[in-house]
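K.L.:
Here it is: the structure, laid out below.
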Amino acid sequence: MGDCETSVPLMEEEENLIAAAQNIVKALGSNRTLTDDARKILADLGTQLSSITRVSDTQDADSGDQTEEQFIELEEQLNLVQTKVMNWEVGQSMIWDCGQEEAYEYLRYVDQARKLIERLEGLNVDKGSREDELLRKAHNLLQTAMNRLEEEFTHLLVQNMQPFEPEHMSFRSSEDDTLDDGSIVSFGDDSVEDVVQRDSMSRSFEEYIIELVHPDVIPDLRCIANLMFDSNYGRECSQAFINVRKDALDDCLFILEVEKLSIEDVLKMEWNSLNSKIRRWIRAMKIFVRIYLASEKWLSDQIFSELEAVSSVCFAEASKASIVQLLNFGEAIAIGPHQPEKLIRILDMYELLADLIPDIDAMYSDEAGLCVRTECQDILRSLGDCAKATFLEFENAVASSISANPFPGGGIHHLTRYVMNYMKTLIDYSKTLDELLKGYEKEDSAAILPDMTPDREEDNTDRPCYISPLAQHFRSFTSILECNLEDKSKLYKDDSLGHLFLMNNIHYMAEKVKNSNLRTILGDDWIRKHNWKFQHHAMSYERATWSSILSLLRDEGLQNPGSNSISRTLLKERLLIFYLAFEDVYKSQTGWSIPDSQLRDDLRISTSLKVIQAYRTFVGRHANHISDKHIKYTADDLENFLLDLFEGSPRSLHGFHRK
């Protein structure tokens with residue numbers, strides 16, 4: 001047996017057994033028939049039993065003395081700890097403000113109190129005994145110290161916070177520099193040009209950690225946390241950390257200009273205001289997750305480095321409300337109306353959240369973060385469904401865009417600009433849209449096969465084997481747009497202007513595709529077909545405008561009755577009618593518009609070649625029958641006049657005088 005065991009008094013049962021053995025020896029010794037050897041053995045046994053009894057009595061006395069000494073020692077130690085602990089309860093100063101030497105001395109005394117409690121509890125003291133009273137006193141003292149350490153822990157966290165300055169970060173949004181809040185306008189707005197575009201903010205950057213609390217105090221915070229957990233005050237320590245960091249996370253959202261908005265608030269918001277808030281959300285979400293939450297997780301891991309499960313719970317509880325506040329905005333957007341102008345922003349939100357989810361899953365990897373991981377997946381799914389529904393709704397919006405009046409000047413209709421720029425911007429999201437549109441492919445074979453111009457029906461070598469869901473829908477968009485434009489062209493009373501309108505708009509579509517990534521989606525066959533289409537409308541314009549006028553420059557109907565000779569009177573009348581017709585065309589078509597300068601020049605040249613050549617030939621053929629006074633305009637005059645067409649500003653030849 002060890003020293004600790006030999007100092008323990010004999011149990012009452014053992015004492016009774018020894019006494020019984022002594023009585024037996026005494027009784028046997030009185031038997032006169034025993035041999036000398038037997039008497040000697042009994043005498044030795046009696047001596048040993050007496051020795052055991054004396055040792056037991058001595059141990060009882062010694063044990064009592066040792067217990068008393070142990071109690072006095074524990075009491076003195078506790079009194080010393082109490083003096084040190086209670087001294088700090090008198091003043092108002094914080095321990096850590098007085099220096100690390102004082103702070104660590106305090107921690108040592110508190111840890112001593114914890115160990116005293118463990119020793120006292122190991123004695124299995126009787127209730128109501130002085131040892132029990134000492135244990136109760138130690139517990140009260142430890143609670144006082146724990147309350148103090150909780151305050152010190154909170155004080156260190158608050159006083160040593162580092163400022164958070166997102167404006168100094170390299171991926172700052174260019175929201176205030178490039179696009180105003182109204183940059184994405186509502187469907188059908190007359191002012192739409194190249195305005196639907198994704199945010200210019202970088203889509204990827206290196207994750208990095210910032211110091212949310214001064215690194216010098218991390219070891220102190222860790223020591224306090226470890227001691228509080230060792231002392232069974234872990235819940236209080238955790239709650240102190242959670243409360244402080246919750247407030248810090250709220251401050252972060254405030255700095256990032258994230259407002260607390262209800263779903264009803266978001267649904268009532270005008271698009272311009274909502275667009276601005278979505279862009280702010282995208283920037284805030286990226287900074288919050290990649291930098292602030294990552295740094296928050298690092299801080300929690302540093303302080304609770306020896307308490308891994310505690311670190312995860314504290315981080316999750318501190319940050320849950322803030323991340324859910326951000327996710328709730330995404331939910332509000334997802335359940336809102338499916339307006340086409342929102343699609344770009346919804347896709348931005350969807351792609352950002354999809355990109356951030358691996359980071360979020362890693363930070364909230366255990367049971368404590370399950371609700372955050374689940375919420376993220378739910379919001380991502382809702383945003384995806386919303387984006388898909390909004391995309392499909394766009395097709396209906398194009399088809400149902402009806403005009404009551406013809407578009408002024410026959411220029412490029414705002415619907416054409418909107419649809420083509422919309423599609424051009426969506427190319428950036430092609431991978432995402434192809435994923436979302438799976439199962440919503442177009443069944444119409446026209447959406448699967450490449451377009452063919454009439455003169456290329458046999459040349460189909462670049463027929464694609466597969467066209468993505470997005471490409472199928474884009475082909476459908478352009479077909480629906482063309483049908484809509486055909487209907488709008490019929491609003492013009494002048495067929496020439498109707499053809500000019502279609503020429504302008506189809507040319508715009510073809511150029512937009514040819515000069516952008518839309519070419520990879522719609523293909524060269526599509527471009528060839530639409531080049532042929534706008535050229536066809538250009539020729540139709542020329543026929544509708546100039547055929548009847550150029551027929552005046554033929555000789556039919558100019559002969560004198562009963563003779564093949566040219567009638568001077570009829571010739572003068574014919575010229576006068578031609579000039580009047582030309583002036584009417586000039587007056588109206590100078591007000592018509594061909595926005596594309598190259599197309600405008602091409603049509604002027606083509607028209608000039610036909611008109612001027614016919615006029616020169618006619619005048620030259622009848623030079624002997626026409627005096628100069630009947631030549632109102634020279635060929636050069638007419639050629640210059642034709643250069644004034646399609647500028648969008650009506651002009652008149654009234655009062656023109658030849659030089």
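Residue numbering restarts at 1 in every chain; chains get A, B, ... in the order shown in the structure tokens, and ligands count up from 1 in that same order.
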Might you pull out every residue within 12 Å of A:Phe304, with only C-alpha atoms counted and same-chain residues fewer than 2 positions away left off, and present them as a PyMOL selection string?

P.N.:
chain A and resi 218-229+234+237-238+241+297-302+306-315

K.L.:
Would you please give, as a ChimeraX atom specification, all residues of stretch 390-513 of chain A that DSSP assigns to helix (DSSP H, G or I) based on the backbone?

P.N.:
/A:390-399,408-410,414-436,445-447,454-456,469-489,495-513

K.L.:
Quick one: everything within 9 Å of A:Gly330, counting only C-alpha atoms, minus sequence neighbours fewer than 5 positions away in the same chain. Send it as a list in words.

P.N.:
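Residues meeting the cut-off are Ile278, Trp281, Ile335, Ile346, Met349, Tyr350, Ile379, Leu380, Ser382 and Leu383 of chain A.
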
K.L.:
Tell me, counting only C-alpha atoms, for each residue of stretch 305-358 of chain A within 9 Å of stretch 393-407 of chain A, which pair of atoms is nearest and how far apart they are in Å to one decimal, in rows ordered by chain and increasing number, as a Markdown table.

P.N.:
```
| residue | atom | partner | partner_atom | distance |
| --- | --- | --- | --- | --- |
| A:His338 | CA | A:Glu393 | CA | 6.9 |
| A:Gln339 | CA | A:Glu393 | CA | 7.6 |
| A:Pro340 | CA | A:Phe394 | CA | 5.3 |
| A:Glu341 | CA | A:Phe394 | CA | 8.9 |
```

K.L.:
Let me see the file: selected residues, N, CA, C and O atoms, as an mmCIF file, in the first residue's frame.

P.N.:
```cif
data_model
loop_
_atom_site.group_PDB
_atom_site.id
_atom_site.type_symbol
_atom_site.label_atom_id
_atom_site.label_comp_id
_atom_site.auth_asym_id
_atom_site.auth_seq_id
_atom_site.Cartn_x
_atom_site.Cartn_y
_atom_site.Cartn_z
ATOM 1 N N HIS A 338 -41.427 39.035 -62.150
ATOM 2 C CA HIS A 338 -40.411 38.640 -63.133
ATOM 3 C C HIS A 338 -40.310 39.682 -64.258
ATOM 4 O O HIS A 338 -40.709 39.427 -65.394
ATOM 5 N N GLN A 339 -39.762 40.830 -63.922
ATOM 6 C CA GLN A 339 -39.625 41.899 -64.906
ATOM 7 C C GLN A 339 -38.295 41.756 -65.636
ATOM 8 O O GLN A 339 -37.247 41.579 -65.004
ATOM 9 N N PRO A 340 -38.310 41.849 -66.988
ATOM 10 C CA PRO A 340 -37.084 41.606 -67.771
ATOM 11 C C PRO A 340 -35.901 42.458 -67.360
ATOM 12 O O PRO A 340 -34.765 41.994 -67.383
ATOM 13 N N GLU A 341 -36.149 43.715 -66.959
ATOM 14 C CA GLU A 341 -35.024 44.583 -66.614
ATOM 15 C C GLU A 341 -34.277 44.104 -65.364
ATOM 16 O O GLU A 341 -33.153 44.541 -65.092
#
```

K.L.:
To one decimal in Å, tell me the separation between atom CA of A:Lys438 and atom CA of A:Ser516.

P.N.:
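Calculated distance between atom CA of A:Lys438 and atom CA of A:Ser516 is 24.5 Å.
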
K.L.:
Name the closest residue to A:Phe164 among the candidates A:Thr520, A:Asn328, A:Ser295, A:Ser567; distances are taken between atoms, counting only C-alpha atoms.

P.N.:
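Among the listed residues, the smallest separation from A:Phe164 belongs to A:Ser295.
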
K.L.:
I'd like to know which of A:His413, A:Leu522, A:His507, A:Gly498 is closest to A:Phe477, using only C-alpha atoms.

P.N.:
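Closest residue, counting only C-alpha atoms: A:Leu522.
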
K.L.:
Between A:Ala318, A:Leu653, A:Ala544, A:Asn505, which has the minimum distance to A:Lys632 (counting only C-alpha atoms)?

P.N.:
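Residue with the minimum atom-to-atom distance to A:Lys632: A:Leu653.
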
K.L.:
Considering only C-alpha atoms, return as a PyMOL selection string whatever protein or nucleic-acid residues lie within 12 Å of A:Gln143, sequence-local ones (same chain, fewer than 3 positions apart) excluded.

P.N.:
chain A and resi 82+85-86+110+113-114+117+136-140+146-150+228+231-233+236

K.L.:
Between atom CA of A:Tyr418 and atom CA of A:Phe646, what is the spacing in Å?

P.N.:
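Computing it gives 22.7 Å between the two atoms.
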
K.L.:
So how far away is atom CA of A:Ile263 from atom CA of A:Ala334, in Å?

P.N.:
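About the pair atom CA of A:Ala334 and atom CA of A:Ile263: they are 10.2 Å apart.
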
K.L.:
List the spatial neighbours of A:Ser627 as a PyMOL selection string - criterion: any atom at most 12 Å away, only C-alpha atoms, same-chain residues fewer than 6 positions off excluded.

P.N.:
chain A and resi 568-569+571-572+575+619-620
